[in-house]
Structures are given as structure tokens and as C-alpha cells.
>>> print(open('work.txt').read())   # compact mmCIF, C-alpha atoms and all ligand atoms
# COMPACT_ATOMS: atom_id res chain seq x y z
CA MET A 116 49.38 50.46 261.28
CA ILE A 117 50.96 51.94 258.17
CA LYS A 118 52.88 55.13 258.86
CA THR A 119 52.93 57.99 256.41
CA VAL A 120 56.32 59.54 255.84
CA LEU A 121 56.80 62.69 253.79
CA VAL A 122 60.29 63.30 252.39
CA THR A 123 60.92 66.85 251.17
CA GLY A 124 63.88 67.65 248.90
CA ALA A 125 63.51 64.04 247.71
CA SER A 126 65.68 64.32 244.61
CA GLY A 127 68.82 65.43 246.47
CA GLN A 128 71.59 63.07 247.58
CA LEU A 129 70.08 62.12 250.95
CA GLY A 130 66.54 62.09 249.55
CA LYS A 131 67.66 59.48 247.02
CA CYS A 132 69.14 57.33 249.79
CA PHE A 133 65.66 57.30 251.38
CA GLN A 134 64.10 56.42 248.04
CA LYS A 135 66.46 53.46 247.76
CA LEU A 136 65.49 52.23 251.24
CA ALA A 137 61.79 52.76 250.62
CA ALA A 138 61.71 50.13 247.91
CA ARG A 139 62.13 47.51 250.65
CA GLU A 140 59.82 49.05 253.29
CA GLU A 141 56.26 48.30 252.34
CA GLU A 142 54.71 48.96 255.76
CA ILE A 143 55.41 52.65 255.27
CA ASP A 144 53.42 54.93 252.99
CA TRP A 145 56.23 57.04 251.49
CA LEU A 146 55.56 60.41 249.91
CA PHE A 147 58.63 61.66 248.07
CA MET A 148 58.36 65.29 247.03
CA ASP A 149 61.02 67.18 245.13
CA SER A 150 61.34 70.95 244.93
CA SER A 151 58.88 71.21 242.03
CA GLU A 152 56.19 69.39 244.04
CA ILE A 153 56.75 71.00 247.44
CA ASP A 154 58.81 74.17 247.67
CA ILE A 155 59.50 74.33 251.40
CA THR A 156 59.68 78.13 251.23
CA SER A 157 56.01 78.16 250.21
CA THR A 158 53.71 78.15 253.23
CA ARG A 159 50.84 77.42 250.89
CA ASP A 160 52.53 74.31 249.37
CA LEU A 161 53.19 72.96 252.84
CA ARG A 162 49.75 73.78 254.28
CA ASP A 163 47.92 72.29 251.30
CA PHE A 164 49.96 69.14 251.42
CA PHE A 165 49.47 68.56 255.14
CA LYS A 166 45.74 69.23 254.69
CA SER A 167 45.47 66.62 251.95
CA LYS A 168 47.04 63.79 253.93
CA ARG A 169 47.73 62.80 257.55
CA ILE A 170 51.55 62.86 257.93
CA ASP A 171 53.25 60.98 260.79
CA TYR A 172 56.84 61.91 259.94
CA CYS A 173 58.34 64.64 257.82
CA ILE A 174 61.95 63.99 256.79
CA ASN A 175 63.35 67.28 255.54
CA CYS A 176 66.12 66.64 253.01
CA ALA A 177 65.54 70.03 251.35
CA ALA A 178 68.33 72.51 251.89
CA TYR A 179 70.42 75.21 250.28
CA THR A 180 73.74 73.34 250.19
CA ASN A 181 76.04 75.39 247.95
CA VAL A 182 78.52 76.62 250.57
CA GLU A 183 80.43 78.86 248.13
CA LYS A 184 77.38 80.48 246.52
CA ALA A 185 75.71 81.07 249.89
CA GLU A 186 78.22 83.87 250.57
CA SER A 187 76.66 85.96 247.76
CA GLU A 188 73.11 84.54 248.12
CA LYS A 189 72.74 85.03 251.84
CA GLU A 190 69.06 85.87 251.71
CA ARG A 191 68.18 82.75 249.70
CA ALA A 192 70.29 80.52 251.96
CA PHE A 193 68.52 81.83 255.07
CA GLN A 194 65.13 81.62 253.37
CA ILE A 195 65.57 77.88 252.67
CA ASN A 196 67.73 76.75 255.59
CA ALA A 197 66.11 78.87 258.30
CA GLU A 198 62.76 80.57 257.51
CA ALA A 199 61.32 77.62 255.55
CA VAL A 200 62.45 75.27 258.31
CA LYS A 201 60.62 77.45 260.84
CA ASN A 202 57.50 77.11 258.73
CA LEU A 203 57.93 73.37 258.47
CA ALA A 204 58.37 73.07 262.23
CA GLU A 205 55.18 75.06 262.87
CA ILE A 206 53.20 72.97 260.41
CA CYS A 207 54.56 69.71 261.87
CA LYS A 208 53.62 70.89 265.35
CA LYS A 209 50.09 71.80 264.28
CA ASN A 210 49.64 68.44 262.54
CA ARG A 211 51.38 66.39 265.26
CA ALA A 212 54.01 65.11 262.85
CA VAL A 213 57.55 64.30 263.95
CA LEU A 214 60.11 66.45 262.11
CA ILE A 215 63.43 64.86 261.14
CA HIS A 216 65.98 67.38 259.97
CA PHE A 217 69.68 67.51 259.03
CA SER A 218 72.33 70.05 259.88
CA THR A 219 76.06 70.39 259.50
CA ASP A 220 79.48 70.33 261.13
CA TYR A 221 79.84 73.87 259.70
CA VAL A 222 77.93 75.27 262.71
CA PHE A 223 81.34 75.12 264.46
CA ASP A 224 84.29 77.45 263.92
CA GLY A 225 86.90 74.69 263.79
CA THR A 226 89.16 75.99 266.55
CA SER A 227 88.76 72.84 268.65
CA LYS A 228 91.42 70.14 268.65
CA ILE A 229 89.02 67.41 269.77
CA PRO A 230 85.68 66.23 268.31
CA TYR A 231 82.72 68.57 268.87
CA SER A 232 79.87 67.33 271.06
CA GLU A 233 76.25 68.53 270.89
CA ALA A 234 76.90 70.61 274.03
CA ASP A 235 79.81 72.57 272.54
CA PRO A 236 79.23 76.22 271.64
CA THR A 237 78.47 76.91 267.99
CA ASN A 238 80.10 79.73 266.04
CA PRO A 239 79.61 79.40 262.27
CA ILE A 240 82.22 81.10 260.09
CA ASN A 241 80.28 81.06 256.82
CA VAL A 242 76.76 81.94 255.63
CA TYR A 243 75.74 78.32 255.01
CA GLY A 244 76.68 77.32 258.58
CA ALA A 245 74.89 80.35 260.05
CA SER A 246 71.73 79.64 258.06
CA LYS A 247 71.69 75.97 259.09
CA LEU A 248 72.21 76.90 262.74
CA LYS A 249 69.27 79.28 262.61
CA GLY A 250 67.11 76.48 261.18
CA GLU A 251 68.17 74.16 264.03
CA ASN A 252 67.29 76.80 266.62
CA TYR A 253 63.85 77.37 265.15
CA ILE A 254 63.07 73.67 265.33
CA SER A 255 64.17 73.22 268.92
CA ASP A 256 62.23 76.36 269.96
CA ILE A 257 59.03 75.34 268.17
CA LEU A 258 58.48 71.62 268.58
CA THR A 259 59.56 68.85 270.94
CA ASP A 260 58.93 65.97 268.57
CA HIS A 261 61.98 66.34 266.40
CA PHE A 262 65.32 64.80 265.57
CA ILE A 263 68.12 66.99 264.24
CA PHE A 264 71.17 65.16 262.92
CA ARG A 265 74.27 67.24 262.37
CA THR A 266 76.39 65.41 259.86
CA SER A 267 79.58 65.94 257.85
CA TRP A 268 81.17 65.36 254.44
CA LEU A 269 78.23 63.32 253.07
CA TYR A 270 78.82 61.07 250.09
CA SER A 271 77.00 58.21 248.40
CA GLU A 272 76.34 56.81 244.94
CA PHE A 273 73.84 59.66 244.39
CA GLY A 274 74.13 63.33 243.48
CA HIS A 275 77.26 65.44 243.40
CA ASN A 276 79.81 64.56 246.05
CA PHE A 277 83.55 64.28 246.62
CA PHE A 278 83.61 60.46 246.39
CA LYS A 279 82.05 60.45 242.93
CA SER A 280 84.03 63.39 241.68
CA ILE A 281 87.39 61.80 242.66
CA LEU A 282 86.39 58.57 240.87
CA ASN A 283 85.47 60.58 237.77
CA LYS A 284 88.77 62.48 237.87
CA ALA A 285 90.62 59.15 238.13
CA GLU A 286 88.98 58.03 234.89
CA GLU A 287 90.20 61.22 233.24
CA ARG A 288 93.67 60.52 234.68
CA ALA A 289 93.74 64.04 236.00
CA VAL A 290 96.22 65.81 238.24
CA LEU A 291 94.54 66.31 241.60
CA ASN A 292 95.52 69.11 243.99
CA ILE A 293 93.71 68.49 247.25
CA THR A 294 93.87 70.33 250.55
CA THR A 295 95.10 69.01 253.87
CA ALA A 296 93.90 72.16 255.64
CA GLN A 297 90.57 70.77 256.85
CA THR A 298 89.99 67.76 259.04
CA GLY A 299 86.59 66.08 259.29
CA THR A 300 84.81 62.77 258.83
CA PRO A 301 83.46 61.45 255.51
CA THR A 302 79.99 60.00 256.09
CA ASN A 303 77.99 57.63 253.92
CA ALA A 304 74.56 59.23 253.46
CA ASN A 305 73.00 55.76 253.16
CA HIS A 306 73.97 55.05 256.77
CA LEU A 307 72.20 58.20 257.93
CA ALA A 308 69.04 57.21 256.04
CA GLN A 309 69.22 53.71 257.58
CA LEU A 310 69.39 55.13 261.11
CA VAL A 311 66.40 57.41 260.48
CA LEU A 312 64.38 54.50 259.11
CA MET A 313 65.23 52.43 262.20
CA LEU A 314 64.01 55.23 264.50
CA ILE A 315 60.73 55.54 262.58
CA LYS A 316 60.12 51.78 262.62
CA GLU A 317 60.74 51.52 266.35
CA LYS A 318 58.72 54.72 267.05
CA ASN A 319 61.72 56.08 268.91
CA THR A 320 60.97 59.13 271.04
CA ASN A 321 64.48 60.06 272.20
CA PHE A 322 63.98 63.37 270.46
CA GLY A 323 66.68 66.03 270.20
CA LEU A 324 69.96 67.01 268.60
CA TYR A 325 72.52 64.37 267.61
CA HIS A 326 75.85 64.24 265.84
CA PHE A 327 76.02 61.60 263.12
CA SER A 328 79.11 60.58 261.16
CA ASN A 329 81.11 57.49 260.44
CA SER A 330 83.97 57.07 262.92
CA GLY A 331 87.50 58.40 262.64
CA GLU A 332 88.85 61.51 260.94
CA THR A 333 90.88 62.58 257.94
CA THR A 334 91.62 65.51 255.60
CA TRP A 335 90.17 65.98 252.09
CA TYR A 336 93.57 64.79 250.83
CA GLY A 337 93.31 61.67 253.03
CA PHE A 338 89.79 61.03 251.75
CA ALA A 339 90.93 61.37 248.12
CA TYR A 340 93.90 59.05 248.75
CA GLU A 341 91.61 56.36 250.21
CA ILE A 342 89.17 56.59 247.28
CA LEU A 343 92.01 56.22 244.79
CA LYS A 344 93.55 53.36 246.79
CA ILE A 345 90.40 51.25 247.08
CA SER A 346 89.52 51.82 243.43
CA GLY A 347 93.03 50.83 242.29
CA ASN A 348 93.70 54.27 240.80
CA LEU A 349 96.70 55.48 242.81
CA ASN A 350 98.94 55.05 239.77
CA ASN A 351 96.47 56.63 237.35
CA VAL A 352 96.44 60.13 238.81
CA GLN A 353 98.96 62.50 240.27
CA LEU A 354 97.65 63.35 243.75
CA ASN A 355 99.24 66.43 245.32
CA LYS A 356 98.83 68.03 248.74
CA ASP A 357 97.89 71.63 247.99
CA ASP A 358 96.66 74.17 250.52
CA SER A 359 97.02 77.19 248.27
CA TYR A 360 93.50 77.20 246.77
CA LYS A 361 91.37 79.95 248.29
CA THR A 362 87.65 79.33 248.68
CA ILE A 363 85.06 82.10 248.86
CA ALA A 364 83.52 80.74 252.05
CA ALA A 365 85.70 80.19 255.10
CA ARG A 366 85.70 76.60 256.32
CA PRO A 367 86.41 75.21 259.77
CA THR A 368 89.89 73.70 259.88
CA TYR A 369 88.66 71.00 262.27
CA SER A 370 85.04 69.84 262.33
CA VAL A 371 85.06 66.26 263.55
CA LEU A 372 81.80 65.41 265.33
CA ASP A 373 81.71 63.50 268.61
CA ILE A 374 79.14 60.75 268.05
CA THR A 375 79.08 59.36 271.60
CA LYS A 376 75.53 60.58 272.37
CA LEU A 377 74.15 58.91 269.26
CA LEU A 378 75.97 55.62 269.88
CA GLU A 379 74.82 55.48 273.50
CA THR A 380 71.23 56.50 272.83
CA PHE A 381 70.45 54.40 269.79
CA LYS A 382 72.88 51.50 270.42
CA THR A 383 73.76 51.38 266.78
CA PRO A 384 77.32 50.69 265.66
CA LEU A 385 78.89 53.02 263.09
CA LYS A 386 81.70 51.82 260.87
CA SER A 387 84.99 53.62 260.34
CA TRP A 388 85.00 56.01 257.41
CA GLU A 389 87.67 53.90 255.65
CA ASP A 390 85.61 50.68 255.86
CA THR A 391 82.59 52.59 254.66
CA VAL A 392 84.31 53.99 251.57
CA LEU A 393 85.45 50.48 250.67
CA GLU A 394 81.98 49.03 251.27
CA LEU A 395 80.28 51.62 249.07
CA TYR A 396 82.84 51.19 246.31
CA LYS A 397 82.44 47.40 246.31
CA SER A 398 78.65 47.39 246.48
CA GLU A 399 77.67 50.28 244.23
CA ILE A 400 80.51 51.27 241.95
CA LYS A 401 82.55 48.18 241.14
CA ASN A 402 79.53 46.01 240.19
N1 LIG B 1 76.33 67.15 251.40
C1 LIG B 1 77.08 67.29 252.49
O1 LIG B 1 78.30 67.13 252.47
C2 LIG B 1 76.43 67.68 253.81
C3 LIG B 1 77.23 67.85 254.94
C4 LIG B 1 76.63 68.19 256.14
C5 LIG B 1 75.26 68.36 256.20
N2 LIG B 1 74.50 68.21 255.08
C6 LIG B 1 73.05 68.41 255.19
O2 LIG B 1 72.42 67.19 254.82
C7 LIG B 1 71.17 67.45 254.18
C8 LIG B 1 71.10 66.71 252.85
O3 LIG B 1 72.12 67.18 251.99
P1 LIG B 1 72.30 66.61 250.51
O4 LIG B 1 73.74 66.27 250.34
O5 LIG B 1 71.27 65.59 250.22
O6 LIG B 1 72.01 67.95 249.67
P2 LIG B 1 71.59 68.10 248.13
O7 LIG B 1 72.01 66.89 247.36
O8 LIG B 1 72.07 69.44 247.71
O9 LIG B 1 70.00 68.10 248.16
C9 LIG B 1 69.26 69.20 248.61
C10 LIG B 1 67.89 69.13 247.96
O10 LIG B 1 67.11 70.21 248.48
C11 LIG B 1 66.29 70.64 247.42
N3 LIG B 1 65.79 72.00 247.65
C12 LIG B 1 66.49 73.17 247.63
N4 LIG B 1 65.66 74.20 247.87
C13 LIG B 1 64.42 73.67 248.06
C14 LIG B 1 63.15 74.21 248.34
N5 LIG B 1 62.96 75.53 248.48
N6 LIG B 1 62.10 73.38 248.47
C15 LIG B 1 62.25 72.05 248.31
N7 LIG B 1 63.43 71.46 248.05
C16 LIG B 1 64.50 72.27 247.92
C17 LIG B 1 67.17 70.57 246.17
O11 LIG B 1 66.35 70.49 245.04
P3 LIG B 1 66.70 71.32 243.70
O12 LIG B 1 68.02 70.78 243.26
O13 LIG B 1 65.56 71.00 242.80
O14 LIG B 1 66.76 72.75 244.12
C18 LIG B 1 67.92 69.26 246.43
O15 LIG B 1 67.23 68.18 245.84
C19 LIG B 1 71.07 68.97 254.09
O16 LIG B 1 70.31 69.43 255.17
C20 LIG B 1 72.50 69.44 254.23
O17 LIG B 1 72.57 70.74 254.76
C21 LIG B 1 75.05 67.88 253.88
>>> encode(input="work.txt", output="C-alpha cells", more="lines below")
Ligand SMILES: NC(=O)c1ccc[n+]([C@@H]2O[C@H](COP(=O)([O-])OP(=O)(O)OC[C@H]3O[C@@H](n4cnc5c(N)ncnc54)[C@H](OP(=O)(O)O)[C@@H]3O)[C@@H](O)[C@H]2O)c1
Amino acid sequence: MIKTVLVTGASGQLGKCFQKLAAREEEIDWLFMDSSEIDITSTRDLRDFFKSKRIDYCINCAAYTNVEKAESEKERAFQINAEAVKNLAEICKKNRAVLIHFSTDYVFDGTSKIPYSEADPTNPINVYGASKLKGENYISDILTDHFIFRTSWLYSEFGHNFFKSILNKAEERAVLNITTAQTGTPTNANHLAQLVLMLIKEKNTNFGLYHFSNSGETTWYGFAYEILKISGNLNNVQLNKDDSYKTIAARPTYSVLDITKLLETFKTPLKSWEDTVLELYKSEIKN
């Protein structure tokens, strides 16, 4: 039987990764809705849409993701990342749809020295992290049939992300001052979309909260170095370690996610972040 999958926030980075996968998945009836078609803060938009069509899965890629701006737009960040998500969870529950949602490593304060597991206490240190945590909590309080994937440092060939911006800077032969003050794991958004698709296709019911990232860890400086190395640009830019730049939002100094639960539950291998950067560069950028 054909499953109907609604993707909200479909024109964002992760939404586009799903759109790319959908081209090859004809047994699924995909409904890609961007913010102009479904505003997730509008109860009416959501209700009308769910009334017009039976939805089996709702993949929520819609989010307020500007970490810096969230500090001055707290209300808007909470409206999109928390209150709208509550609404979505209630509507999914009423319509017996599975909700698939994404959260962030920024729910942690970064004081740990070892990767964070799903059982570790959360303590966000910025507005974005706090709003995403509230959204997570609403979902787990409201409906059982959900997957929440906390992920980190997403990049891909789509949207605005660190990977693309470093490649662009290399073309400009710029001087790059990049921080070593945060450690995390770069994660290819395409891999996250692939896992979600696998779970839908196998009707997986191991619902709950999972950490998803590629394996290993690095700093933003280490990530930039790797991107320049694999693209043959190390000699084209001057890459400096620089921890002097002050951001508006505080960021966890260490936010590596422990992915053991995901690996054991779904038996799916995840590549190292270095191999993944190389793979994406070769497949999407170089050709
Ligand atoms: N990017 C990362 O590094 C990262 C790291 C950890 C976790 N995550 C999480 O991963 C998920 C996907 O992130 P992403 O990188 O794909 O973000 P993104 O590229 O910023 O995409 C977010 C999308 O949400 C849409 N949106 C915003 N408000 C909306 C609303 N009220 N109704 C409907 N759509 C709305 C935006 O559309 P408009 O542009 O039209 O407003 C945009 O297309 C998010 O949950 C994010 O919190 C991301």
C-alpha cells in the first residue's frame, strides 16, 4: 500500500535532502510543503491539510534555525520550535500519523568531556537550544508514535551551511579565521534523510529519542581544514585558528552526540565525518 508522507519546511536544507530521495521512491506519495504552503504556526493550515488528505507520516523539517537571531527573537523561536511543534504533535495524534522531528546538540550545555547520550541531562545555554528542547518535550508528552533525532552541525549540497560557505570562501581566496573553541560532529543531512526513509519503508516502530551524527569529532577549525584539504584548496586560503570572535548566542564548547542507541537499534552503519565530507565533495561538488 502506498504511504502518504507529508514533509513540512520542505525548502530548507534537510527538506531538500528528502526531495532528492523522493525522486527515487515511487511507492510513497510525497507531499512537500514549504512555509508558504503550510505555516506550522497556523493551526488552521495544519488542520485543513490533515482534513484534506490521510497522512501516514509527517516529517517536520520546519524550524527556526538562526541561533544568533534567536537571542533577540525569543518569542518567534519558541513559537516555531515549541508551540507549533506542540500543535503538530496533537494533530498527528488525532490523525494517527507518525511524527518524525529533528532537534539539536544545543540542548546540552557542553560541560561534558565525553559524548552525550539520550539519557544525559539537558541544559541549553541559548534560546535556540531551549526552544528546541521545549518542542522535544511536547512531542514526547503528547504522542507515542514519534521519532526525534537530535543531530549536529548539518551540512549538504543544499541551503546555507559551513561546508558550502568554506568552499565559496576558498574560491574567493579569502583569509579564514575559524574557532577551535567548540567540538562537535559534522553530519551529512543526506544521511539523516536516508535513515528516516529506511524507517518509513520498514514501518519501524522503535519510537523515541535518538542521537544521529556521523562518527568522530572535530572543531570548526578542523572541519574547515578537512574541507580545504579534500577540495585541494589548502594553498589557496590562509586558514587561522582564532577564538577571539564573540557570538551573540553562547554555544556549548563540547556537544558530541553518543550514537550508540541509534546504531544498536537500527543496525545501520554511520561513516566517519571525514569520509563523509570527502564523499559529498566527490559526488556533488566536484562533478
Ligand atoms: N543546520 C544545522 O546545523 C542543524 C543542527 C542541528 C539540528 N538541526 C535541526 O535540523 C532540522 C533541519 O534543519 P535545516 O538545516 O534543514 O534548517 P533550515 O535549512 O533553516 O530549514 C528550516 C526550514 O523551516 C522553514 N520554516 C521556518 N518557519 C516555518 C514555519 N512557521 N512554517 C513552516 N516552515 C517554516 C524555513 O522556511 P523559510 O525559509 O521559508 O522560513 C526553512 O525552509 C531543524 O529542526 C534544525 O533545528 C539543524
>>> residues_near_ligand(input="work.txt", ligand="ligand LIG 1 (chain B)", cutoff="8 Å", atoms="all atoms listed in the file", output="short mmCIF file (atom, residue, chain, number, x, y, z; two decimals) with C-alpha atoms, in the frame of the given file")
data_model
loop_
_atom_site.label_atom_id
_atom_site.label_comp_id
_atom_site.auth_asym_id
_atom_site.auth_seq_id
_atom_site.Cartn_x
_atom_site.Cartn_y
_atom_site.Cartn_z
CA THR A 123 60.92 66.85 251.17
CA GLY A 124 63.88 67.65 248.90
CA ALA A 125 63.51 64.04 247.71
CA SER A 126 65.68 64.32 244.61
CA GLY A 127 68.82 65.43 246.47
CA GLN A 128 71.59 63.07 247.58
CA LEU A 129 70.08 62.12 250.95
CA GLY A 130 66.54 62.09 249.55
CA LYS A 131 67.66 59.48 247.02
CA MET A 148 58.36 65.29 247.03
CA ASP A 149 61.02 67.18 245.13
CA SER A 150 61.34 70.95 244.93
CA SER A 151 58.88 71.21 242.03
CA GLU A 152 56.19 69.39 244.04
CA ILE A 153 56.75 71.00 247.44
CA ASP A 154 58.81 74.17 247.67
CA ILE A 155 59.50 74.33 251.40
CA THR A 156 59.68 78.13 251.23
CA SER A 157 56.01 78.16 250.21
CA ASN A 175 63.35 67.28 255.54
CA CYS A 176 66.12 66.64 253.01
CA ALA A 177 65.54 70.03 251.35
CA ALA A 178 68.33 72.51 251.89
CA TYR A 179 70.42 75.21 250.28
CA THR A 180 73.74 73.34 250.19
CA ASN A 181 76.04 75.39 247.95
CA ILE A 195 65.57 77.88 252.67
CA ASN A 196 67.73 76.75 255.59
CA ALA A 199 61.32 77.62 255.55
CA HIS A 216 65.98 67.38 259.97
CA PHE A 217 69.68 67.51 259.03
CA SER A 218 72.33 70.05 259.88
CA THR A 219 76.06 70.39 259.50
CA ASP A 220 79.48 70.33 261.13
CA TYR A 221 79.84 73.87 259.70
CA LYS A 247 71.69 75.97 259.09
CA ARG A 265 74.27 67.24 262.37
CA THR A 266 76.39 65.41 259.86
CA SER A 267 79.58 65.94 257.85
CA TRP A 268 81.17 65.36 254.44
CA LEU A 269 78.23 63.32 253.07
CA TYR A 270 78.82 61.07 250.09
CA GLY A 274 74.13 63.33 243.48
CA HIS A 275 77.26 65.44 243.40
CA ASN A 276 79.81 64.56 246.05
CA ALA A 304 74.56 59.23 253.46
#
>>> residues_around(input="work.txt", residues="Ala365 in chain A", least_positions_apart="4", cutoff="9 Å", atoms="only C-alpha atoms", output="mmCIF file with C-alpha atoms, in the coordinates of the input")
data_model
loop_
_atom_site.group_PDB
_atom_site.id
_atom_site.type_symbol
_atom_site.label_atom_id
_atom_site.label_comp_id
_atom_site.auth_asym_id
_atom_site.auth_seq_id
_atom_site.Cartn_x
_atom_site.Cartn_y
_atom_site.Cartn_z
ATOM 1 C CA GLU A 183 80.430 78.860 248.130
ATOM 2 C CA ILE A 240 82.220 81.100 260.090
ATOM 3 C CA ASN A 241 80.280 81.060 256.820
ATOM 4 C CA LYS A 361 91.370 79.950 248.290
#
>>> closest_residue(input="work.txt", among="A:Phe223, A:Phe147, A:Phe133, A:Tyr172", to="Ile117 in chain A", atoms="only C-alpha atoms")
A:Tyr172
>>> residues_around(input="work.txt", residues="Asp235 in chain A", least_positions_apart="6", cutoff="12 Å", atoms="all atoms listed in the file", output="PyMOL selection string")
chain A and resi 220+222-227+229+324+326+370+372-373
>>> closest_residue(input="work.txt", among="A:Thr380, A:Thr362, A:Thr333, A:Asn210", to="Asn319 in chain A", atoms="all atoms listed in the file")
A:Thr380
>>> atom_distance(input="work.txt", atom1="CA of Thr302 in chain A", atom2="CA of Val290 in chain A")
24.8 Å
>>> residues_near_point(input="work.txt", point="(89.9, 63.2, 244.3)", cutoff="8 Å", atoms="all atoms listed in the file", output="count of residues only")
16
>>> residues_around(input="work.txt", residues="Asn202 in chain A", least_positions_apart="3", cutoff="12 Å", atoms="all atoms listed in the file", output="ChimeraX atom specification")
/A:154-162,175,194-199,205-209,214,250,253-254,257-258
>>> closest_residue(input="work.txt", among="A:Lys356, A:Lys279, A:Lys386, A:Lys344", to="Gly331 in chain A", atoms="all atoms listed in the file")
A:Lys386
>>> atom_distance(input="work.txt", atom1="CA of Phe381 in chain A", atom2="CA of Asn321 in chain A")
8.6 Å
>>> axis_aligned_box(input="work.txt", around="range 198-202 of chain A", padding_each_side="6 Å", output="AutoDock Vina command-line options")
--center_x 60.1 --center_y 77.9 --center_z 258.2 --size_x 17.3 --size_y 17.3 --size_z 17.3
